[in-house]
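Chemist: This is the content of structure-v6.txt (compact mmCIF, C-alpha atoms):
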```
# COMPACT_ATOMS: atom_id res chain seq x y z
CA MET A 1 -6.52 69.14 64.45
CA LYS A 2 -4.00 68.64 67.29
CA LYS A 3 -6.59 66.84 69.39
CA ILE A 4 -7.56 64.70 66.42
CA ILE A 5 -3.94 63.65 65.92
CA LYS A 6 -3.61 63.06 69.65
CA TYR A 7 -6.49 60.58 69.83
CA ILE A 8 -6.02 58.73 66.55
CA ASP A 9 -5.13 55.10 67.18
CA LYS A 10 -1.40 55.25 66.34
CA PRO A 11 -0.72 51.49 66.08
CA LEU A 12 -3.63 51.10 63.65
CA LEU A 13 -2.59 54.16 61.64
CA ILE A 14 1.06 53.11 61.32
CA THR A 15 0.17 49.54 60.38
CA THR A 16 -2.38 50.54 57.75
CA VAL A 17 -0.03 53.12 56.18
CA LEU A 18 2.73 50.50 55.94
CA MET A 19 0.28 48.00 54.45
CA PHE A 20 -0.92 50.46 51.81
CA ALA A 21 2.71 51.34 50.94
CA PHE A 22 3.65 47.67 50.65
CA GLY A 23 0.54 47.03 48.57
CA LEU A 24 1.50 49.83 46.18
CA ILE A 25 4.94 48.24 45.68
CA MET A 26 3.36 44.86 45.01
CA VAL A 27 0.83 46.33 42.59
CA PHE A 28 3.74 47.60 40.50
CA SER A 29 5.66 44.34 40.77
CA SER A 30 2.65 42.20 39.85
CA SER A 31 1.19 44.44 37.12
CA ASN A 32 4.12 45.72 35.04
CA VAL A 33 4.35 42.64 32.81
CA THR A 34 0.59 42.44 32.19
CA ALA A 35 0.40 46.19 31.54
CA TYR A 36 3.15 46.07 28.92
CA MET A 37 2.57 42.68 27.29
CA SER A 38 -1.22 42.30 27.48
CA LYS A 39 -2.70 45.78 27.85
CA ALA A 40 -0.09 47.55 25.69
CA VAL A 41 0.30 50.40 28.18
CA SER A 42 3.18 51.69 30.30
CA PRO A 43 4.55 49.21 32.87
CA TYR A 44 3.89 51.95 35.43
CA ASN A 45 0.21 52.30 34.44
CA TYR A 46 -1.42 50.46 37.35
CA PHE A 47 1.21 51.69 39.81
CA ILE A 48 0.44 55.32 38.91
CA LYS A 49 -3.31 54.79 39.03
CA GLN A 50 -3.12 53.05 42.40
CA GLY A 51 -0.98 55.92 43.68
CA ILE A 52 -3.68 58.35 42.53
CA PHE A 53 -6.35 56.29 44.32
CA LEU A 54 -4.31 56.38 47.52
CA GLY A 55 -3.77 60.13 47.14
CA VAL A 56 -7.50 60.73 46.68
CA GLY A 57 -8.19 58.52 49.68
CA LEU A 58 -5.69 60.45 51.80
CA LEU A 59 -7.23 63.82 50.95
CA MET A 60 -10.69 62.42 51.60
CA SER A 61 -9.61 61.01 54.98
CA LEU A 62 -8.16 64.38 56.07
CA ILE A 63 -11.61 65.86 55.53
CA MET A 64 -13.64 62.96 56.92
CA ILE A 65 -11.72 62.69 60.19
CA ARG A 66 -12.93 66.18 61.21
CA PHE A 67 -16.64 65.27 61.27
CA ASN A 68 -18.51 63.49 64.04
CA THR A 69 -19.77 59.99 63.25
CA LYS A 70 -23.24 61.20 64.19
CA LEU A 71 -23.19 63.44 61.12
CA TYR A 72 -22.21 60.51 58.90
CA GLY A 73 -25.13 58.59 60.31
CA MET A 74 -27.53 61.42 59.58
CA VAL A 75 -26.52 61.67 55.92
CA SER A 76 -26.20 57.90 55.45
CA TRP A 77 -29.85 57.74 54.40
CA LEU A 78 -28.95 59.78 51.33
CA GLY A 79 -25.99 57.47 50.75
CA VAL A 80 -28.16 54.34 50.84
CA LEU A 81 -30.73 55.88 48.50
CA GLY A 82 -28.04 57.18 46.14
CA ALA A 83 -26.12 53.91 46.06
CA GLY A 84 -29.33 51.94 45.56
CA ALA A 85 -30.36 54.20 42.70
CA SER A 86 -26.92 53.87 41.12
CA LEU A 87 -27.24 50.06 41.21
CA VAL A 88 -30.56 50.32 39.35
CA ILE A 89 -29.13 52.77 36.79
CA LEU A 90 -26.13 50.47 36.37
CA LEU A 91 -28.36 47.55 35.41
CA ILE A 92 -30.11 49.72 32.83
CA MET A 93 -27.23 51.70 31.36
CA GLY A 94 -24.04 49.96 32.52
CA GLN A 95 -21.58 48.20 30.24
CA SER A 96 -20.50 44.62 30.78
CA LYS A 97 -16.93 44.06 32.05
CA ASN A 98 -15.62 40.58 32.87
CA GLN A 99 -19.15 39.26 32.23
CA ALA A 100 -20.66 41.51 34.90
CA VAL A 101 -22.36 44.90 34.81
CA SER A 102 -20.74 46.27 37.98
CA TRP A 103 -18.88 49.41 36.88
CA PHE A 104 -19.59 52.88 35.57
CA ASP A 105 -16.96 53.52 32.90
CA LEU A 106 -15.44 57.00 33.27
CA GLY A 107 -12.70 56.73 30.65
CA PRO A 108 -9.36 56.03 32.35
CA PHE A 109 -11.13 55.07 35.58
CA SER A 110 -14.24 53.15 36.57
CA ILE A 111 -16.50 53.24 39.64
CA GLN A 112 -18.07 50.19 41.29
CA PRO A 113 -21.15 51.32 43.29
CA SER A 114 -21.50 47.96 45.05
CA GLU A 115 -18.20 48.61 46.86
CA PHE A 116 -19.40 51.93 48.25
CA ILE A 117 -22.71 50.50 49.47
CA LYS A 118 -20.88 48.18 51.90
CA VAL A 119 -19.36 51.05 53.89
CA ILE A 120 -22.45 53.24 53.55
CA MET A 121 -24.62 50.41 54.86
CA ILE A 122 -22.40 49.93 57.93
CA VAL A 123 -22.77 53.61 58.86
CA TRP A 124 -26.51 53.58 58.13
CA LEU A 125 -27.10 50.48 60.26
CA ALA A 126 -25.14 52.04 63.12
CA ARG A 127 -27.29 55.16 62.96
CA TYR A 128 -30.56 53.23 62.50
CA TYR A 129 -30.02 50.95 65.49
CA GLU A 130 -28.91 53.91 67.61
CA VAL A 131 -31.99 56.02 66.81
CA ASN A 132 -34.36 53.06 67.19
CA GLY A 133 -32.59 51.51 70.17
CA LYS A 134 -35.68 51.72 72.37
CA ARG A 135 -38.04 50.36 69.70
CA LEU A 136 -36.16 47.19 68.79
CA ASP A 137 -38.82 45.14 70.57
CA LYS A 138 -41.09 45.85 67.61
CA TYR A 139 -40.99 43.32 64.79
CA GLY A 140 -41.22 45.84 61.93
CA VAL A 141 -38.46 48.08 63.31
CA SER A 142 -36.08 45.14 63.66
CA LEU A 143 -36.95 43.68 60.25
CA PHE A 144 -36.66 46.88 58.20
CA PRO A 145 -32.81 46.93 57.87
CA LEU A 146 -32.88 43.33 56.63
CA LEU A 147 -35.45 44.26 53.98
CA VAL A 148 -33.25 47.13 52.80
CA GLY A 149 -30.22 44.85 52.79
CA GLY A 150 -32.13 42.16 50.93
CA ALA A 151 -33.20 44.60 48.21
CA ILE A 152 -29.62 45.78 47.70
CA THR A 153 -28.31 42.20 47.68
CA PHE A 154 -30.85 41.34 44.97
CA LEU A 155 -29.65 44.26 42.82
CA VAL A 156 -26.02 43.15 43.24
CA LEU A 157 -26.92 39.56 42.31
CA LEU A 158 -28.49 40.83 39.08
CA GLN A 159 -25.15 42.28 37.93
CA PRO A 160 -24.15 39.40 38.65
CA ASP A 161 -21.59 39.80 41.47
CA LEU A 162 -21.91 36.83 43.81
CA GLY A 163 -18.79 37.66 45.88
CA THR A 164 -19.93 41.19 46.73
CA ALA A 165 -23.47 39.96 47.44
CA ILE A 166 -22.17 37.36 49.91
CA ILE A 167 -19.93 39.86 51.75
CA PHE A 168 -22.70 42.48 51.89
CA THR A 169 -25.15 39.90 53.28
CA VAL A 170 -22.66 38.75 55.93
CA ILE A 171 -22.09 42.36 57.06
CA VAL A 172 -25.82 43.11 57.39
CA CYS A 173 -26.62 39.81 59.13
CA THR A 174 -23.66 40.04 61.54
CA ILE A 175 -24.65 43.53 62.66
CA PHE A 176 -28.27 42.37 63.02
CA LEU A 177 -27.19 39.50 65.27
CA ALA A 178 -24.91 41.79 67.30
CA VAL A 179 -27.48 44.46 68.22
CA PRO A 180 -29.63 44.06 71.36
CA ILE A 181 -32.81 42.72 69.77
CA SER A 182 -34.88 40.26 71.81
CA SER A 183 -34.10 36.59 71.16
CA GLN A 184 -37.74 35.91 70.29
CA ILE A 185 -37.80 38.49 67.49
CA LYS A 186 -34.38 37.40 66.23
CA ASN A 187 -35.46 33.77 66.06
CA GLN A 188 -38.70 34.66 64.29
CA ILE A 189 -36.87 36.77 61.72
CA ILE A 190 -34.14 34.16 61.17
CA PHE A 191 -36.62 31.32 60.64
CA GLY A 192 -38.74 33.60 58.47
CA CYS A 193 -35.72 34.42 56.27
CA PHE A 194 -34.83 30.76 55.92
CA GLY A 195 -38.42 30.00 54.99
CA LEU A 196 -38.49 32.79 52.41
CA VAL A 197 -35.24 31.58 50.85
CA ALA A 198 -36.61 28.02 50.70
CA VAL A 199 -39.80 29.22 48.97
CA VAL A 200 -37.81 31.27 46.42
CA ILE A 201 -35.58 28.27 45.66
CA LEU A 202 -38.60 26.00 45.19
CA VAL A 203 -40.31 28.52 42.91
CA VAL A 204 -37.15 28.94 40.83
CA ILE A 205 -36.58 25.18 40.56
CA SER A 206 -40.21 24.54 39.58
CA SER A 207 -39.98 27.22 36.89
CA GLY A 208 -36.93 25.57 35.35
CA LYS A 209 -34.78 28.69 35.81
CA THR A 210 -31.74 29.42 37.95
CA LEU A 211 -30.53 32.31 40.10
CA ILE A 212 -26.92 31.34 39.35
CA TYR A 213 -25.44 32.10 35.94
CA GLU A 214 -23.68 29.43 33.90
CA ARG A 215 -20.22 30.91 34.51
CA GLN A 216 -20.96 30.88 38.28
CA LEU A 217 -22.05 27.23 38.10
CA GLU A 218 -18.71 26.43 36.48
CA ARG A 219 -16.93 28.00 39.46
CA LEU A 220 -18.68 25.61 41.83
CA ASN A 221 -16.36 22.94 40.45
CA PHE A 222 -13.40 24.34 42.40
CA THR A 223 -11.77 21.24 43.89
CA ARG A 224 -8.58 19.73 42.39
CA PRO A 225 -8.02 22.72 40.02
CA CYS A 226 -4.77 21.33 38.57
CA ASP A 227 -6.74 18.42 37.10
CA ARG A 228 -8.38 21.11 34.95
CA LEU A 229 -5.24 23.13 34.23
CA LEU A 230 -6.12 23.73 30.58
CA THR A 231 -9.75 24.64 31.28
CA THR A 232 -11.58 26.02 34.32
CA GLY A 233 -8.83 25.25 36.85
CA SER A 234 -6.01 27.21 35.21
CA GLN A 235 -6.27 30.33 37.40
CA VAL A 236 -6.18 28.64 40.81
CA CYS A 237 -3.65 26.02 39.68
CA ASN A 238 -1.25 28.71 38.50
CA GLY A 239 -1.75 30.37 41.88
CA TYR A 240 -0.62 27.10 43.48
CA ILE A 241 2.42 27.04 41.22
CA ALA A 242 3.32 30.61 42.20
CA ILE A 243 3.10 29.79 45.92
CA ASN A 244 5.15 26.61 45.43
CA ASN A 245 7.80 28.54 43.48
CA GLY A 246 8.22 31.00 46.36
CA GLY A 247 9.12 28.54 49.06
CA LEU A 248 10.08 30.06 52.40
CA THR A 249 12.01 33.11 51.18
CA GLY A 250 10.77 33.71 47.63
CA VAL A 251 12.49 34.16 44.26
CA GLY A 252 13.07 37.88 44.80
CA LEU A 253 11.01 41.05 44.38
CA GLY A 254 10.03 41.45 40.73
CA ASN A 255 11.13 37.92 39.75
CA SER A 256 7.75 36.16 39.63
CA THR A 257 7.31 33.89 36.61
CA GLN A 258 3.58 33.32 37.02
CA LYS A 259 2.82 37.01 36.44
CA TYR A 260 3.99 36.50 32.84
CA LEU A 261 0.38 36.05 31.71
CA TYR A 262 -0.09 32.72 33.52
CA LEU A 263 -2.17 34.42 36.21
CA PRO A 264 -5.08 36.55 34.93
CA GLU A 265 -4.72 40.10 36.30
CA PRO A 266 -2.21 39.07 38.99
CA TYR A 267 -2.42 42.55 40.55
CA THR A 268 -6.01 41.98 41.75
CA ASP A 269 -7.45 38.60 42.79
CA PHE A 270 -4.13 36.70 42.74
CA ILE A 271 -1.77 39.29 44.19
CA PHE A 272 -1.18 37.21 47.34
CA ALA A 273 0.17 34.39 45.15
CA VAL A 274 2.64 36.83 43.54
CA ILE A 275 3.66 38.16 46.98
CA VAL A 276 4.44 34.66 48.23
CA GLU A 277 6.25 33.71 45.00
CA GLU A 278 8.49 36.78 45.12
CA LEU A 279 8.97 37.22 48.88
CA GLY A 280 8.21 33.78 50.29
CA VAL A 281 5.83 32.04 52.66
CA LEU A 282 7.38 33.82 55.66
CA VAL A 283 6.31 37.21 54.30
CA GLY A 284 2.89 35.73 53.53
CA ILE A 285 2.55 34.63 57.16
CA LEU A 286 3.72 38.06 58.37
CA LEU A 287 1.06 39.64 56.19
CA LEU A 288 -1.62 37.46 57.78
CA LEU A 289 -0.39 38.42 61.26
CA LEU A 290 -0.62 42.10 60.33
CA TYR A 291 -4.20 41.54 59.17
CA ILE A 292 -5.00 39.98 62.55
CA PHE A 293 -3.40 42.94 64.32
CA ILE A 294 -5.44 45.44 62.28
CA LEU A 295 -8.68 43.60 63.04
CA TYR A 296 -7.72 43.46 66.73
CA ARG A 297 -7.15 47.23 66.91
CA ILE A 298 -10.47 47.93 65.17
CA LEU A 299 -12.37 45.63 67.53
CA LEU A 300 -10.58 47.20 70.50
CA ILE A 301 -11.73 50.68 69.45
CA GLY A 302 -15.27 49.32 69.10
CA LYS A 303 -15.13 47.81 72.58
CA ARG A 304 -13.97 51.13 74.05
CA SER A 305 -16.63 53.20 72.26
CA TYR A 306 -19.11 54.93 74.57
CA THR A 307 -21.91 54.77 71.97
CA ASN A 308 -23.59 51.86 70.23
CA ARG A 309 -23.09 53.81 67.02
CA GLY A 310 -19.32 53.75 67.34
CA ALA A 311 -19.24 50.11 68.39
CA ILE A 312 -21.42 48.98 65.47
CA ILE A 313 -19.28 50.96 63.00
CA CYS A 314 -16.10 49.31 64.26
CA TYR A 315 -17.54 45.81 64.35
CA GLY A 316 -19.04 46.29 60.90
CA VAL A 317 -15.73 47.50 59.43
CA ALA A 318 -13.91 44.57 61.04
CA VAL A 319 -16.36 42.12 59.45
CA TYR A 320 -16.02 43.98 56.12
CA ILE A 321 -12.23 43.64 56.09
CA PHE A 322 -12.25 40.06 57.43
CA CYS A 323 -14.73 38.91 54.77
CA HIS A 324 -12.55 40.32 51.97
CA ILE A 325 -9.46 38.60 53.39
CA ALA A 326 -11.26 35.28 53.93
CA VAL A 327 -13.07 35.15 50.58
CA ASN A 328 -9.98 36.19 48.59
CA LEU A 329 -7.56 33.76 50.26
CA MET A 330 -9.99 30.85 50.47
CA GLY A 331 -10.66 31.26 46.75
CA LEU A 332 -6.91 31.40 46.04
CA PHE A 333 -6.30 28.21 48.05
CA GLY A 334 -9.20 26.41 46.35
CA LEU A 335 -11.33 26.12 49.50
CA ILE A 336 -14.24 28.00 47.91
CA PRO A 337 -14.97 29.16 44.33
CA MET A 338 -12.94 32.16 43.15
CA THR A 339 -15.29 35.16 43.22
CA GLY A 340 -13.09 38.10 42.24
CA VAL A 341 -12.94 39.79 45.66
CA PRO A 342 -9.95 42.16 46.22
CA LEU A 343 -7.44 41.53 49.01
CA PRO A 344 -7.38 44.49 51.47
CA PHE A 345 -4.42 46.90 51.13
CA MET A 346 -2.83 44.75 48.40
CA SER A 347 -5.11 44.49 45.37
CA TYR A 348 -5.31 47.14 42.68
CA GLY A 349 -8.63 48.95 42.42
CA GLY A 350 -9.93 52.47 42.92
CA SER A 351 -13.39 51.85 44.34
CA TYR A 352 -12.26 49.33 46.93
CA THR A 353 -9.12 51.28 47.92
CA ILE A 354 -11.08 54.48 48.50
CA CYS A 355 -13.84 52.63 50.37
CA LEU A 356 -11.30 50.87 52.59
CA ILE A 357 -9.62 54.18 53.44
CA ALA A 358 -13.04 55.72 54.18
CA ALA A 359 -13.96 52.82 56.47
CA LEU A 360 -10.66 53.04 58.37
CA THR A 361 -11.03 56.82 58.68
CA ILE A 362 -14.47 56.45 60.26
CA VAL A 363 -13.03 53.91 62.70
CA GLN A 364 -10.28 56.41 63.56
CA ARG A 365 -12.96 59.04 64.07
CA VAL A 366 -14.59 56.75 66.63
CA SER A 367 -11.20 56.56 68.38
CA VAL A 368 -10.97 60.37 68.37
CA GLU A 369 -14.46 60.69 69.85
CA ILE A 370 -13.50 58.31 72.67
CA GLY A 371 -10.54 60.56 73.52
CA LEU A 372 -12.58 63.76 73.30
CA ARG A 373 -15.21 62.23 75.60
CA LYS A 374 -12.53 61.45 78.18
CA ASP A 375 -11.33 65.06 77.99
CA MET A 376 -14.87 66.29 78.65
CA LYS A 377 -15.19 64.07 81.71
CA LYS A 378 -11.89 65.36 83.12
CA SER A 379 -12.94 68.97 82.70
```
Spell out the structure here as structure tokens.
Modeler:
Amino acid sequence: MKKIIKYIDKPLLITTVLMFAFGLIMVFSSSNVTAYMSKAVSPYNYFIKQGIFLGVGLLMSLIMIRFNTKLYGMVSWLGVLGAGASLVILLIMGQSKNQAVSWFDLGPFSIQPSEFIKVIMIVWLARYYEVNGKRLDKYGVSLFPLLVGGAITFLVLLQPDLGTAIIFTVIVCTIFLAVPISSQIKNQIIFGCFGLVAVVILVVISSGKTLIYERQLERLNFTRPCDRLLTTGSQVCNGYIAINNGGLTGVGLGNSTQKYLYLPEPYTDFIFAVIVEELGVLVGILLLLLYIFILYRILLIGKRSYTNRGAIICYGVAVYIFCHIAVNLMGLFGLIPMTGVPLPFMSYGGSYTICLIAALTIVQRVSVEIGLRKDMKKS
């Protein structure tokens, strides 16, 4: 364990721990009013649950950090099959929550399988491209991961969870474009995918049906939300109001007015608006800079990795975190439709918190393996 501690990336570890701690504070600040006034539970309800999620994630990370990433790659097949099966079972037996069948209800907690599949898929792709590195000149070998990713994306769309489907697709496609596949095969696959999508759209249009649900079509009208304050624009417009209230230095921790039931579940999708309202734009900018620093450290570990497996894991995790930041904040600022994607380190949620900790732990394991490899060379 001493060698593990020695080779963990300290700047990344310290920054992520501070971010999780700050996020826990903001979960309490943003959720206590909703918990008491709307959910009729203790003001500490979401704070305690988020603390439990972080505790579970910590224990899990202490175990995960001991195992080589090669082992994770070997068992990732089971993870992909298990997560895929859970998505199918969810569609058959799951209960609707927020107009989507995305969670298994376990009483006081719920599990969202589509969150776990993102991290599992990153590890599986890293292992797949490592094992088949010398066969990537074959069309079928290169196409297979995209077929698996496409099948999972389709299951997620059926829930329906457009935000998760978009992020998952971006992760799979980015890793595909990053691996050393010949340009000819890449171009053929890319044009083939575009052609397939075009055919599916034409078939759907000709049948008079739609792949997008009515509530998702409503979200496509996302510009000028304050013109629709009393209807579909209320959420984003109240987010604007929260940010405007905060100014440069904020109204003070715990003093947000928009969390008084103006913002729906302000401790999840709109937590950044509450942060800026209470602590100001300057803290919001600092938070963005810390996100950039975290992504930089992850990419740096990937660049230093001596295996394609480690590099792909790091690049995949960086894309995973970046997509969540971009989709959440762009939705909050009205640049894209709001899709209900959690903000890393800040938003309340068990499945995403645990998955994020798992992803960061695997990245740290890559860092440890780089250090251990250097020790071997010296000896």
Chemist: Excluding same-chain residues fewer than 5 positions from Ile117 (chain A), what lies within 10 Å of it counting all atoms listed in the file, as a ChimeraX atom specification?
Modeler: /A:79-84,86-87,112,122-124,149,152,168,355
Chemist: Those same residues - C-alpha atoms - I'd like them written as a compact mmCIF listing (two decimals), in the frame of the given file.
Modeler:
```txt
# COMPACT_ATOMS: atom_id res chain seq x y z
CA GLY A 79 -25.99 57.47 50.75
CA VAL A 80 -28.16 54.34 50.84
CA LEU A 81 -30.73 55.88 48.50
CA GLY A 82 -28.04 57.18 46.14
CA ALA A 83 -26.12 53.91 46.06
CA GLY A 84 -29.33 51.94 45.56
CA SER A 86 -26.92 53.87 41.12
CA LEU A 87 -27.24 50.06 41.21
CA GLN A 112 -18.07 50.19 41.29
CA ILE A 122 -22.40 49.93 57.93
CA VAL A 123 -22.77 53.61 58.86
CA TRP A 124 -26.51 53.58 58.13
CA GLY A 149 -30.22 44.85 52.79
CA ILE A 152 -29.62 45.78 47.70
CA PHE A 168 -22.70 42.48 51.89
CA CYS A 355 -13.84 52.63 50.37
```
Chemist: Compile the contact shell of Leu360 (chain A) as a ChimeraX atom specification: residues with an atom at most 12 Å away, counting all atoms listed in the file, same-chain residues fewer than 6 positions apart removed.
Modeler: /A:8-9,12-13,15-17,57-58,60-62,64-65,119,294-295,297-299,301,313-318,320-321,344-345,353-354,366-367
Chemist: Which residues of region 11-33 of chain A come within 9 Å of region 252-276 of chain A, and what is each one's closest atom pair and distance in Å (one decimal), counting only C-alpha atoms, sorted by chain and residue number, as a Markdown table?
Modeler:
```
| residue | atom | partner | partner_atom | distance |
| --- | --- | --- | --- | --- |
| A:Met26 | CA | A:Ile275 | CA | 7.0 |
| A:Val27 | CA | A:Tyr267 | CA | 5.4 |
| A:Phe28 | CA | A:Tyr267 | CA | 8.0 |
| A:Ser29 | CA | A:Gly254 | CA | 5.2 |
| A:Ser30 | CA | A:Tyr267 | CA | 5.1 |
| A:Ser31 | CA | A:Tyr267 | CA | 5.3 |
| A:Asn32 | CA | A:Lys259 | CA | 8.9 |
| A:Val33 | CA | A:Tyr260 | CA | 6.2 |
```
Chemist: Between A:Thr169, A:Thr69, A:Asn244, A:Gln159, which residue has the minimum interatomic distance to Met93 (chain A), considering all atoms listed in the file?
Modeler: A:Gln159
Chemist: Mind pulling up the distance from CA of Val172 (chain A) to CA of Gly150 (chain A)?
Modeler: 9.1 Å
Chemist: From the list A:Ser114, A:Asn328, A:Asn68, A:Ser42, which residue is nearest Ala85 (chain A) when using only C-alpha atoms?
Modeler: A:Ser114
Chemist: Have a look at CA of Ile4 (chain A) and CA of Phe293 (chain A) and let me know their distance in Å, one decimal.
Modeler: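 Spanning CA of Ile4 (chain A) to CA of Phe293 (chain A) is a straight-line distance of 22.3 Å.
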Chemist: Separation of CA of Ile362 (chain A) and CA of Gly310 (chain A), in Å?
Modeler: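 If I compute the distance from CA of Ile362 (chain A) to CA of Gly310 (chain A), I get 9.0 Å.
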Chemist: Nearest to Met346 (chain A): which of A:Tyr128, A:Tyr291, A:Tyr240, A:Phe333 is it, counting only C-alpha atoms?
Modeler: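 Of A:Tyr128, A:Tyr291, A:Tyr240, A:Phe333, the one nearest Met346 (chain A), counting only C-alpha atoms, is A:Tyr291.
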Chemist: Identify which of the residues A:Gly239, A:Pro113, A:Gly280, A:Gly23 lies closest to Gly331 (chain A), counting all atoms listed in the file when measuring atom-to-atom distances.
Modeler: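 Closest to Gly331 (chain A) of all the choices is A:Gly239.
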Chemist: Given only C-alpha atoms as the basis, pick out the residue of A:Ser347, A:Ser182, A:Ser102, A:Thr249 nearest to Gly163 (chain A).
Modeler: A:Ser102
Chemist: Write out as a list in words the residues lying within 9 Å of region 178-181 of chain A, counting only C-alpha atoms and excluding same-chain residues fewer than 5 positions away.
Modeler: Tyr129, Gly133, Leu136, Asp137, Ser142, Cys173, Lys186, Asn308, Ile312 and Tyr315 of chain A
Chemist: When you look at region 369-376 of chain A with a cut-off of 8 Å (counting all atoms listed in the file), what residues show up, excluding the ones that are within fewer than 2 positions of it in the same chain? I need them as a ChimeraX atom specification.
Modeler: /A:3,7,68,304-306,365-367,378-379
Chemist: Return the padded bounding box of region 114-121 of chain A as AutoDock Vina command-line options: axis-aligned, built from all atoms listed in the file, 6 Å added on each side, with centre and edge lengths in Å to one decimal.
Modeler:
```
--center_x -21.4 --center_y 50.6 --center_z 50.0 --size_x 18.4 --size_y 17.3 --size_z 21.8
```
Chemist: Let me make sure I understand: among A:Ile189, A:Ile201, A:Leu196, A:Ala35, which one has the smallest atom-to-atom distance to Phe144 (chain A) if we use all atoms listed in the file?
Modeler: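 Closest candidate: A:Ile189.
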